[in-house]
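Here is the structure we will look at.
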Amino acid sequence: MSDFSRIPCVALDIDVKWCGETYGVAPCTASGPVGSECYHGWASCQDKANFNPTVKTVKAVTTGAPLPAHVQRLPHIKKDGVKFTPTEIDPRAGLATRAQVVFTLFDEPLPDHDWDPYWATRATPAQGTFWSRLLARFPAYSGAAATVGRAYFTDGWDDAEFINESYIVESIKGPSSSGEVTITVRDLIKLADRALLPAPTSGKLAVELLPGDMSMTLGTGEGAQYDAAGYVRVGDQIIRYTSNAGDVLSWPDSTYRSQFGTTAYEQAVGDGVQQCLVFIDQRFAAVVRTLCNESGIADANIDITGMQAEDDEWLGTRYKITACLSEPEQVSVYLAELAQQTGGVTWLDPVTQKVKYKYIGPQSPAALTGATITRVANLIDGQTKIEPIDSLRLTRAGIFYNLATATSNRKEGKNYLRPMIYIDADAEGVNEYNDVRSDVLYSRWFTSANDAAMRGFIKRRVGTYRDVPRNIVGKVTAKDAAIREGELYDVTTAQLTGLDGAPRTVRCLVVKRVDNGNGLDLTLRTTNFSRRYAFIAPNGTSDYPANGGYACICLDTGKFADGSDGYRII
C-alpha cells in the first residue's frame with residue numbers, strides 16, 4: 001500500500017487520580033445509602049482520610065481510526081483537530097521553547113459503566129455528556145500526565161506503530177455550546193515554568209533581631225516551613241543557620257549573619273524570613289539536576305548520563321557554581337540562564353522524554369563520522385531555503401558576574417564585581433561590517449573563581465555570532481526519521497557556496513524537527529564550527545595529514561605545508 005493510503009491516527013491518553021478503594025469497604029469508611037456512592041475522585045470522596053490515589057486513564061483517538069473491537073478508545077478527536085507546536089531550540093536563548101499540542105474533540109452522551117463502578121445502583125442513569133461528567137468528577141486535571149501517540153496505519157490497527165511522547169495537561173476548555181472540548185498539553189519543562197524556587201515561605205520575625213543575635217524567633221508553628229539547616233534571607237541580609245528548633249533558627253557565631261556579601265543589621269518584628277536555595281562549588285550538571293528535581297521533573301525524565309558527559313567534556317571544574325537564590329523565581333528562568341551562560345542549550349527530547357543539555361561547540365573529528373545531510377542523499381529538491389538571521393550578529397559581548405551581594409539587583413552592572421568584555425575590532429572595522437552589535441549578560445551563577453571560564457565564554461560568544469547565522473529550512477523523507485533535535489550535521493547544499501561557487505559544507509545544529517507524515521520538515525542553524533579546531537589526538541594517531549583531523553602544529557604563516565588552514569584553539 002502506498003504512503004497515500006496510510007491512515008493518520010493521533011491518540012491522547014490523560015491520567016486522572018482515581019481512588020483505588022471500594023466504597024464502604026475497609027479502609028474506606030464511607031457509609032451512604034445505595035445509589036449515593038462516590039465517583040472515585042477526590043471531589044466526590046466521602047472519606048478523604050482514606051483516599052487512595054491510583055491512576056485511571058482517559059483514552060481518545062482521532063475520528064475514523066481503524067479501531068478493532070477490543071481497543072477501548074473514544075473516537076472523539078476531530079480529524080483536523082490536532083495542532084502540533086514542536087520544540088524549537090534557540091541557541092542564543094539557552095532554553096528551548098516548550099512543545100505543545102492542542103486537541104479539539106467533540107463531546108457526546110455515553111453510558112457511564114466505564115467510569116462509574118456503581119452505575120447499576122444509581123437511582124437514575126448518568127445524564128449529560130462524557131466530558132462534562134469527567135470534568136465535574138475530576139476537576140484537578142492541571143498538570144496531569146498525558147501521552148500523545150502518532151501512527152500511520154496501512155494494514156489496520158497496531159499499538160506498536162505509535163510513536164509516543166509525554167506531556168502534561170495545561171488546560172481543558174468546554175464543552176462549548178456546540179459540544180466541543182479543547183485540550184492543551186505541553187512538554188514536561190512546563191513544570192519548570194510553574195515551579196518557584198526557592199519555595200515561598202511565610203515566616204516572620206516574632207522577636208526583634210539585633211546585629212549580635214545568634215538566633216531568630218519565628219511565629220508559632222512557622223518553623224516547620226524551613227529546612228533543618230540552611231540559609232534564609234531577612235531583609236537584605238543572608239543568614240546561615242545550623243539548627244531549626246521548632247520556631248527558633250540559630251547559628252554558632254557572628255560570621256553566619258553576613259553570608260554572600262551581605263551585612264548583619266537590625267530587623268524588626270514582622271519582617272519576612274525567606275528560605276534560600278544555595279549551591280556551593282557544585283558542578284553544572286548537578287545544579288541542573290537539582291533544579292529539575294525540585295520543580296517536579298524526576299530523574300527518569302532527565303538525561304543524566306548525557307548531561308554529565310557534556311559537563312565533563314566542555315565545562316568541568318572551571319564552571320563550578322556558587323550561588324544563593326534568595327527570592328522565588330521560575331525554575332525555567334534559572335535553566336535558561338545556566339544554558340545560555342555556559343554556551344549551551346537545554347530542551348526536552350520529545351521521543352526519549354528526557355531533559356537534555358548540549359554544549360554548542362565544535363565536535364571532535366570522530367564525533368560526526370557519517371553525520372551528513374546533502375541535496376543528493378537527503379534533501380528533497382526544490383524544498384530547501386536559506387534564511388539569514390542578521391539580528392543575531394554580534395561584534396562585541398559582555399558578561400557581568402560575581403554579584404557583590406546575593407540580594408543585589410542582578411540586572412544592574414554596578415552590582416557585580418567582575419565585568420568581562422570582548423570586542424572583535426575587525427568585525428566592527430570599515431572593511432567588514434562597520435557597525436557595533438552588542439550583547440550583555442548578567443550572571444548570578446559565577447564568581448571570581450570562574451574568571452577563566454567567563455573569559456573563554458565571552459570570546460566564543462562573539463566568535464559564534466560575528467558572522468550572520470543562517471537557518472537552512474528543508475525537507476527529508478521518512479528514511480531520515482532518525483535525525484533528532486540538538487544534533488550536529490555537516491550539511492551540503494548548492495544554496496550555500498564557497499568563493500568559487502562550489503557547494504560548501506557547513507556544520508549545522510538541528511533546531512526544529514516536524515514529522516509531516518511522509519518525512520521531516522527540518523530547520524538547521526549554521527555554526528562556525530566547520531572551521532578547523534584543535535583537538536588533542538589520542539595515542540597512536542597517524543601523522544598529518546592522515547591523522548583524521550586531529551590537531552597538529554602548523555607553520556608560522558598559519559598554514560600547513562599543503563596550504564590548508566591551521567587549527568584554532570578553543
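Scheme for the C-alpha cells: letters A, B, ... for chains in order shown; per-chain residue numbers from 1; ligand numbers from 1 in order shown.
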(request) Determine which residues of region 14-161 of chain A receive a DSSP assignment of helix (DSSP H, G or I), computed from the backbone, and state them as JSON, numbers by chain. (result) {"A": [42, 43, 44, 48, 49, 50, 119, 120, 121, 130, 131, 132, 133, 134, 135, 136, 137, 159, 160, 161]}
Near-region 393-410 of chain A list (6 Å; only C-alpha atoms; drop same-chain fewer than 3 positions) as a PDB file with N, CA, C and O atoms, in the first residue's frame:
ATOM      1  N   ASP A 236      17.780  42.514  53.553  1.00  0.00           N
ATOM      2  CA  ASP A 236      18.847  42.417  52.565  1.00  0.00           C
ATOM      3  C   ASP A 236      20.043  41.638  53.090  1.00  0.00           C
ATOM      4  O   ASP A 236      21.158  41.799  52.592  1.00  0.00           O
ATOM      5  N   PHE A 260      27.300  35.595  51.779  1.00  0.00           N
ATOM      6  CA  PHE A 260      27.176  36.021  50.375  1.00  0.00           C
ATOM      7  C   PHE A 260      27.227  37.537  50.230  1.00  0.00           C
ATOM      8  O   PHE A 260      26.415  38.158  49.535  1.00  0.00           O
ATOM      9  N   GLY A 261      28.204  38.139  50.928  1.00  0.00           N
ATOM     10  CA  GLY A 261      28.479  39.557  50.776  1.00  0.00           C
ATOM     11  C   GLY A 261      27.553  40.478  51.538  1.00  0.00           C
ATOM     12  O   GLY A 261      27.702  41.699  51.463  1.00  0.00           O
ATOM     13  N   THR A 262      26.592  39.951  52.291  1.00  0.00           N
ATOM     14  CA  THR A 262      25.640  40.805  52.994  1.00  0.00           C
ATOM     15  C   THR A 262      26.165  41.167  54.388  1.00  0.00           C
ATOM     16  O   THR A 262      27.131  40.593  54.870  1.00  0.00           O
ATOM     17  N   ASP A 390      20.128  38.175  10.495  1.00  0.00           N
ATOM     18  CA  ASP A 390      21.070  39.259  10.745  1.00  0.00           C
ATOM     19  C   ASP A 390      20.936  39.825  12.158  1.00  0.00           C
ATOM     20  O   ASP A 390      21.892  40.345  12.722  1.00  0.00           O
ATOM     21  N   ASN A 415      26.254  46.279  40.284  1.00  0.00           N
ATOM     22  CA  ASN A 415      26.171  45.382  41.438  1.00  0.00           C
ATOM     23  C   ASN A 415      27.050  44.148  41.297  1.00  0.00           C
ATOM     24  O   ASN A 415      26.994  43.256  42.141  1.00  0.00           O
ATOM     25  N   TYR A 416      27.866  44.116  40.229  1.00  0.00           N
ATOM     26  CA  TYR A 416      28.768  42.985  40.012  1.00  0.00           C
ATOM     27  C   TYR A 416      30.215  43.433  40.180  1.00  0.00           C
ATOM     28  O   TYR A 416      30.573  44.558  39.828  1.00  0.00           O
ATOM     29  N   LEU A 417      31.021  42.524  40.696  1.00  0.00           N
ATOM     30  CA  LEU A 417      32.433  42.828  40.914  1.00  0.00           C
ATOM     31  C   LEU A 417      33.310  42.463  39.735  1.00  0.00           C
ATOM     32  O   LEU A 417      34.465  42.881  39.674  1.00  0.00           O
ATOM     33  N   ARG A 418      32.795  41.665  38.814  1.00  0.00           N
ATOM     34  CA  ARG A 418      33.599  41.212  37.688  1.00  0.00           C
ATOM     35  C   ARG A 418      32.885  41.501  36.375  1.00  0.00           C
ATOM     36  O   ARG A 418      31.888  40.864  36.047  1.00  0.00           O
ATOM     37  N   PRO A 419      33.369  42.465  35.577  1.00  0.00           N
ATOM     38  CA  PRO A 419      32.880  42.625  34.201  1.00  0.00           C
ATOM     39  C   PRO A 419      33.861  41.951  33.237  1.00  0.00           C
ATOM     40  O   PRO A 419      35.070  41.970  33.459  1.00  0.00           O
ATOM     41  N   MET A 420      33.343  41.352  32.193  1.00  0.00           N
ATOM     42  CA  MET A 420      34.199  40.764  31.167  1.00  0.00           C
ATOM     43  C   MET A 420      33.644  41.182  29.805  1.00  0.00           C
ATOM     44  O   MET A 420      32.490  40.902  29.474  1.00  0.00           O
ATOM     45  N   ILE A 421      34.441  41.878  29.022  1.00  0.00           N
ATOM     46  CA  ILE A 421      34.020  42.398  27.723  1.00  0.00           C
ATOM     47  C   ILE A 421      34.971  41.889  26.650  1.00  0.00           C
ATOM     48  O   ILE A 421      36.180  41.833  26.859  1.00  0.00           O
ATOM     49  N   TYR A 422      34.406  41.525  25.509  1.00  0.00           N
ATOM     50  CA  TYR A 422      35.251  41.161  24.369  1.00  0.00           C
ATOM     51  C   TYR A 422      34.732  41.875  23.128  1.00  0.00           C
ATOM     52  O   TYR A 422      33.534  41.882  22.851  1.00  0.00           O
ATOM     53  N   ILE A 423      35.643  42.484  22.374  1.00  0.00           N
ATOM     54  CA  ILE A 423      35.308  43.233  21.165  1.00  0.00           C
ATOM     55  C   ILE A 423      36.081  42.663  19.987  1.00  0.00           C
ATOM     56  O   ILE A 423      37.307  42.486  20.071  1.00  0.00           O
ATOM     57  N   ASP A 424      35.385  42.370  18.913  1.00  0.00           N
ATOM     58  CA  ASP A 424      36.029  41.946  17.673  1.00  0.00           C
ATOM     59  C   ASP A 424      36.215  43.199  16.809  1.00  0.00           C
ATOM     60  O   ASP A 424      35.309  43.624  16.088  1.00  0.00           O
ATOM     61  N   ALA A 427      35.619  42.871  13.019  1.00  0.00           N
ATOM     62  CA  ALA A 427      34.209  42.820  12.610  1.00  0.00           C
ATOM     63  C   ALA A 427      33.588  44.212  12.608  1.00  0.00           C
ATOM     64  O   ALA A 427      32.717  44.518  11.786  1.00  0.00           O
ATOM     65  N   VAL A 436      28.427  48.386  15.210  1.00  0.00           N
ATOM     66  CA  VAL A 436      28.576  47.761  16.522  1.00  0.00           C
ATOM     67  C   VAL A 436      27.291  47.022  16.856  1.00  0.00           C
ATOM     68  O   VAL A 436      26.202  47.606  16.816  1.00  0.00           O
ATOM     69  N   ARG A 437      27.416  45.741  17.165  1.00  0.00           N
ATOM     70  CA  ARG A 437      26.291  44.928  17.623  1.00  0.00           C
ATOM     71  C   ARG A 437      26.678  44.351  18.981  1.00  0.00           C
ATOM     72  O   ARG A 437      27.623  43.558  19.069  1.00  0.00           O
ATOM     73  N   SER A 438      25.932  44.742  20.025  1.00  0.00           N
ATOM     74  CA  SER A 438      26.338  44.404  21.391  1.00  0.00           C
ATOM     75  C   SER A 438      25.347  43.459  22.062  1.00  0.00           C
ATOM     76  O   SER A 438      24.165  43.407  21.713  1.00  0.00           O
ATOM     77  N   ASP A 439      25.865  42.753  23.048  1.00  0.00           N
ATOM     78  CA  ASP A 439      25.063  41.835  23.841  1.00  0.00           C
ATOM     79  C   ASP A 439      25.678  41.774  25.235  1.00  0.00           C
ATOM     80  O   ASP A 439      26.889  41.596  25.374  1.00  0.00           O
ATOM     81  N   VAL A 440      24.859  41.945  26.283  1.00  0.00           N
ATOM     82  CA  VAL A 440      25.357  41.922  27.657  1.00  0.00           C
ATOM     83  C   VAL A 440      24.528  40.948  28.475  1.00  0.00           C
ATOM     84  O   VAL A 440      23.293  40.966  28.412  1.00  0.00           O
ATOM     85  N   LEU A 441      25.206  40.101  29.229  1.00  0.00           N
ATOM     86  CA  LEU A 441      24.556  39.148  30.118  1.00  0.00           C
ATOM     87  C   LEU A 441      24.920  39.470  31.563  1.00  0.00           C
ATOM     88  O   LEU A 441      25.970  40.049  31.833  1.00  0.00           O
ATOM     89  N   TYR A 442      24.044  39.052  32.484  1.00  0.00           N
ATOM     90  CA  TYR A 442      24.289  39.222  33.910  1.00  0.00           C
ATOM     91  C   TYR A 442      24.170  37.847  34.564  1.00  0.00           C
ATOM     92  O   TYR A 442      23.144  37.185  34.421  1.00  0.00           O
ATOM     93  N   SER A 443      25.211  37.446  35.277  1.00  0.00           N
ATOM     94  CA  SER A 443      25.222  36.090  35.823  1.00  0.00           C
ATOM     95  C   SER A 443      25.297  36.077  37.342  1.00  0.00           C
ATOM     96  O   SER A 443      26.271  36.537  37.939  1.00  0.00           O
ATOM     97  N   PHE A 446      28.096  32.698  38.703  1.00  0.00           N
ATOM     98  CA  PHE A 446      29.556  32.560  38.676  1.00  0.00           C
ATOM     99  C   PHE A 446      30.244  33.661  39.479  1.00  0.00           C
ATOM    100  O   PHE A 446      29.727  34.769  39.608  1.00  0.00           O
ATOM    101  N   THR A 447      31.419  33.318  40.004  1.00  0.00           N
ATOM    102  CA  THR A 447      32.187  34.221  40.859  1.00  0.00           C
ATOM    103  C   THR A 447      33.579  34.397  40.274  1.00  0.00           C
ATOM    104  O   THR A 447      33.867  33.930  39.160  1.00  0.00           O
ATOM    105  N   VAL A 462      31.100  35.853  20.944  1.00  0.00           N
ATOM    106  CA  VAL A 462      31.300  36.750  19.804  1.00  0.00           C
ATOM    107  C   VAL A 462      31.712  35.950  18.573  1.00  0.00           C
ATOM    108  O   VAL A 462      31.215  36.196  17.462  1.00  0.00           O
ATOM    109  N   TYR A 465      28.746  34.394  16.794  1.00  0.00           N
ATOM    110  CA  TYR A 465      27.755  35.255  16.157  1.00  0.00           C
ATOM    111  C   TYR A 465      28.362  36.441  15.418  1.00  0.00           C
ATOM    112  O   TYR A 465      27.633  37.344  15.017  1.00  0.00           O
ATOM    113  N   ARG A 466      29.684  36.446  15.185  1.00  0.00           N
ATOM    114  CA  ARG A 466      30.287  37.590  14.483  1.00  0.00           C
ATOM    115  C   ARG A 466      29.804  37.665  13.034  1.00  0.00           C
ATOM    116  O   ARG A 466      29.696  38.746  12.453  1.00  0.00           O
ATOM    117  N   ASP A 467      29.558  36.523  12.424  1.00  0.00           N
ATOM    118  CA  ASP A 467      29.022  36.479  11.071  1.00  0.00           C
ATOM    119  C   ASP A 467      27.565  36.022  11.123  1.00  0.00           C
ATOM    120  O   ASP A 467      27.159  35.303  12.045  1.00  0.00           O
ATOM    121  N   VAL A 468      26.804  36.429  10.156  1.00  0.00           N
ATOM    122  CA  VAL A 468      25.355  36.202  10.182  1.00  0.00           C
ATOM    123  C   VAL A 468      25.048  34.700  10.172  1.00  0.00           C
ATOM    124  O   VAL A 468      25.392  33.999   9.214  1.00  0.00           O
TER     125      VAL A 468
END
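Residues with any atom within 8 Å of Ala43 (chain A), counting only C-alpha atoms and excluding same-chain neighbours fewer than 5 positions away, are Arg137, Phe138 and Pro139 of chain A.
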(request) Write out as a PyMOL selection string which residues come within 7 Å of Ser258 (chain A) when counting only C-alpha atoms, dropping same-chain ones fewer than 6 positions away. (result) chain A and resi 237-239+264
(message) Give me, as a PyMOL selection string, all polymer residues having an atom no more than 12 Å from Ile89 (chain A), counting only C-alpha atoms and skipping those fewer than 6 positions away in the same chain.
(response) chain A and resi 95-99+336+339-340+344-349+356-358+360+471+484-487+509-513+522-525
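Restricting the calculation to only C-alpha atoms, the smallest distance between Trp42 (chain A) and any of A:Ala229, A:Val506, A:Val16, A:Ile483 is found for A:Val16.
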(message) Give me the residues near Thr217 (chain A) as a VMD selection string, where near means some atom within 10 Å (using only C-alpha atoms) and where sequence neighbours in that chain fewer than 4 positions away do not count.
(response) chain A and resid 203 to 209 222 to 223 245 to 250 269
Output file for the selection above: N, CA and C atoms, as a PDB file, in the first residue's frame:
ATOM      1  N   GLY A 203       7.177  32.693  56.978  1.00  0.00           N
ATOM      2  CA  GLY A 203       7.549  33.006  58.351  1.00  0.00           C
ATOM      3  C   GLY A 203       7.914  34.468  58.548  1.00  0.00           C
ATOM      4  N   LYS A 204       7.670  34.970  59.762  1.00  0.00           N
ATOM      5  CA  LYS A 204       8.011  36.356  60.111  1.00  0.00           C
ATOM      6  C   LYS A 204       8.663  36.385  61.483  1.00  0.00           C
ATOM      7  N   LEU A 205       9.487  37.376  61.685  1.00  0.00           N
ATOM      8  CA  LEU A 205      10.137  37.526  62.981  1.00  0.00           C
ATOM      9  C   LEU A 205       9.097  37.842  64.057  1.00  0.00           C
ATOM     10  N   ALA A 206       9.131  37.033  65.113  1.00  0.00           N
ATOM     11  CA  ALA A 206       8.249  37.287  66.254  1.00  0.00           C
ATOM     12  C   ALA A 206       8.954  38.110  67.326  1.00  0.00           C
ATOM     13  N   VAL A 207      10.303  38.179  67.212  1.00  0.00           N
ATOM     14  CA  VAL A 207      11.124  38.940  68.155  1.00  0.00           C
ATOM     15  C   VAL A 207      12.118  39.756  67.338  1.00  0.00           C
ATOM     16  N   GLU A 208      12.382  40.968  67.750  1.00  0.00           N
ATOM     17  CA  GLU A 208      13.340  41.817  67.057  1.00  0.00           C
ATOM     18  C   GLU A 208      14.685  41.111  66.924  1.00  0.00           C
ATOM     19  N   LEU A 209      15.316  41.210  65.750  1.00  0.00           N
ATOM     20  CA  LEU A 209      16.615  40.590  65.507  1.00  0.00           C
ATOM     21  C   LEU A 209      17.684  41.679  65.520  1.00  0.00           C
ATOM     22  N   GLU A 222       5.564  28.374  62.579  1.00  0.00           N
ATOM     23  CA  GLU A 222       6.120  28.748  61.273  1.00  0.00           C
ATOM     24  C   GLU A 222       7.426  28.039  60.955  1.00  0.00           C
ATOM     25  N   GLY A 223       8.141  27.576  61.977  1.00  0.00           N
ATOM     26  CA  GLY A 223       9.435  26.949  61.736  1.00  0.00           C
ATOM     27  C   GLY A 223       9.373  25.683  60.911  1.00  0.00           C
ATOM     28  N   ALA A 245      15.058  24.589  65.754  1.00  0.00           N
ATOM     29  CA  ALA A 245      14.432  24.006  66.944  1.00  0.00           C
ATOM     30  C   ALA A 245      12.995  24.497  67.032  1.00  0.00           C
ATOM     31  N   GLY A 246      12.142  23.946  66.192  1.00  0.00           N
ATOM     32  CA  GLY A 246      10.754  24.389  66.190  1.00  0.00           C
ATOM     33  C   GLY A 246      10.610  25.718  65.495  1.00  0.00           C
ATOM     34  N   ASP A 247      10.448  26.780  66.254  1.00  0.00           N
ATOM     35  CA  ASP A 247      10.281  28.111  65.679  1.00  0.00           C
ATOM     36  C   ASP A 247      11.488  29.009  65.926  1.00  0.00           C
ATOM     37  N   VAL A 248      12.617  28.409  66.287  1.00  0.00           N
ATOM     38  CA  VAL A 248      13.839  29.165  66.527  1.00  0.00           C
ATOM     39  C   VAL A 248      14.942  28.647  65.620  1.00  0.00           C
ATOM     40  N   LEU A 249      15.465  29.535  64.774  1.00  0.00           N
ATOM     41  CA  LEU A 249      16.612  29.216  63.929  1.00  0.00           C
ATOM     42  C   LEU A 249      17.844  29.829  64.583  1.00  0.00           C
ATOM     43  N   SER A 250      18.925  29.034  64.707  1.00  0.00           N
ATOM     44  CA  SER A 250      20.100  29.541  65.409  1.00  0.00           C
ATOM     45  C   SER A 250      21.378  29.178  64.682  1.00  0.00           C
ATOM     46  N   VAL A 269      10.265  43.252  64.241  1.00  0.00           N
ATOM     47  CA  VAL A 269       9.212  42.254  64.375  1.00  0.00           C
ATOM     48  C   VAL A 269       8.272  42.365  63.170  1.00  0.00           C
TER      49      VAL A 269
END
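Shortest separation to Val273 (chain A) among A:Asp312, A:Pro200, A:Lys190, A:Gly212 occurs at residue A:Pro200, atoms counted being only C-alpha atoms.
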(message) Neighbouring residues of Val288 (chain A) were defined as those with any atom within 7 Å, considering only C-alpha atoms; residues of the same chain fewer than 4 positions away were excluded. Please report them as a PyMOL selection string.
(response) chain A and resi 284+292+335
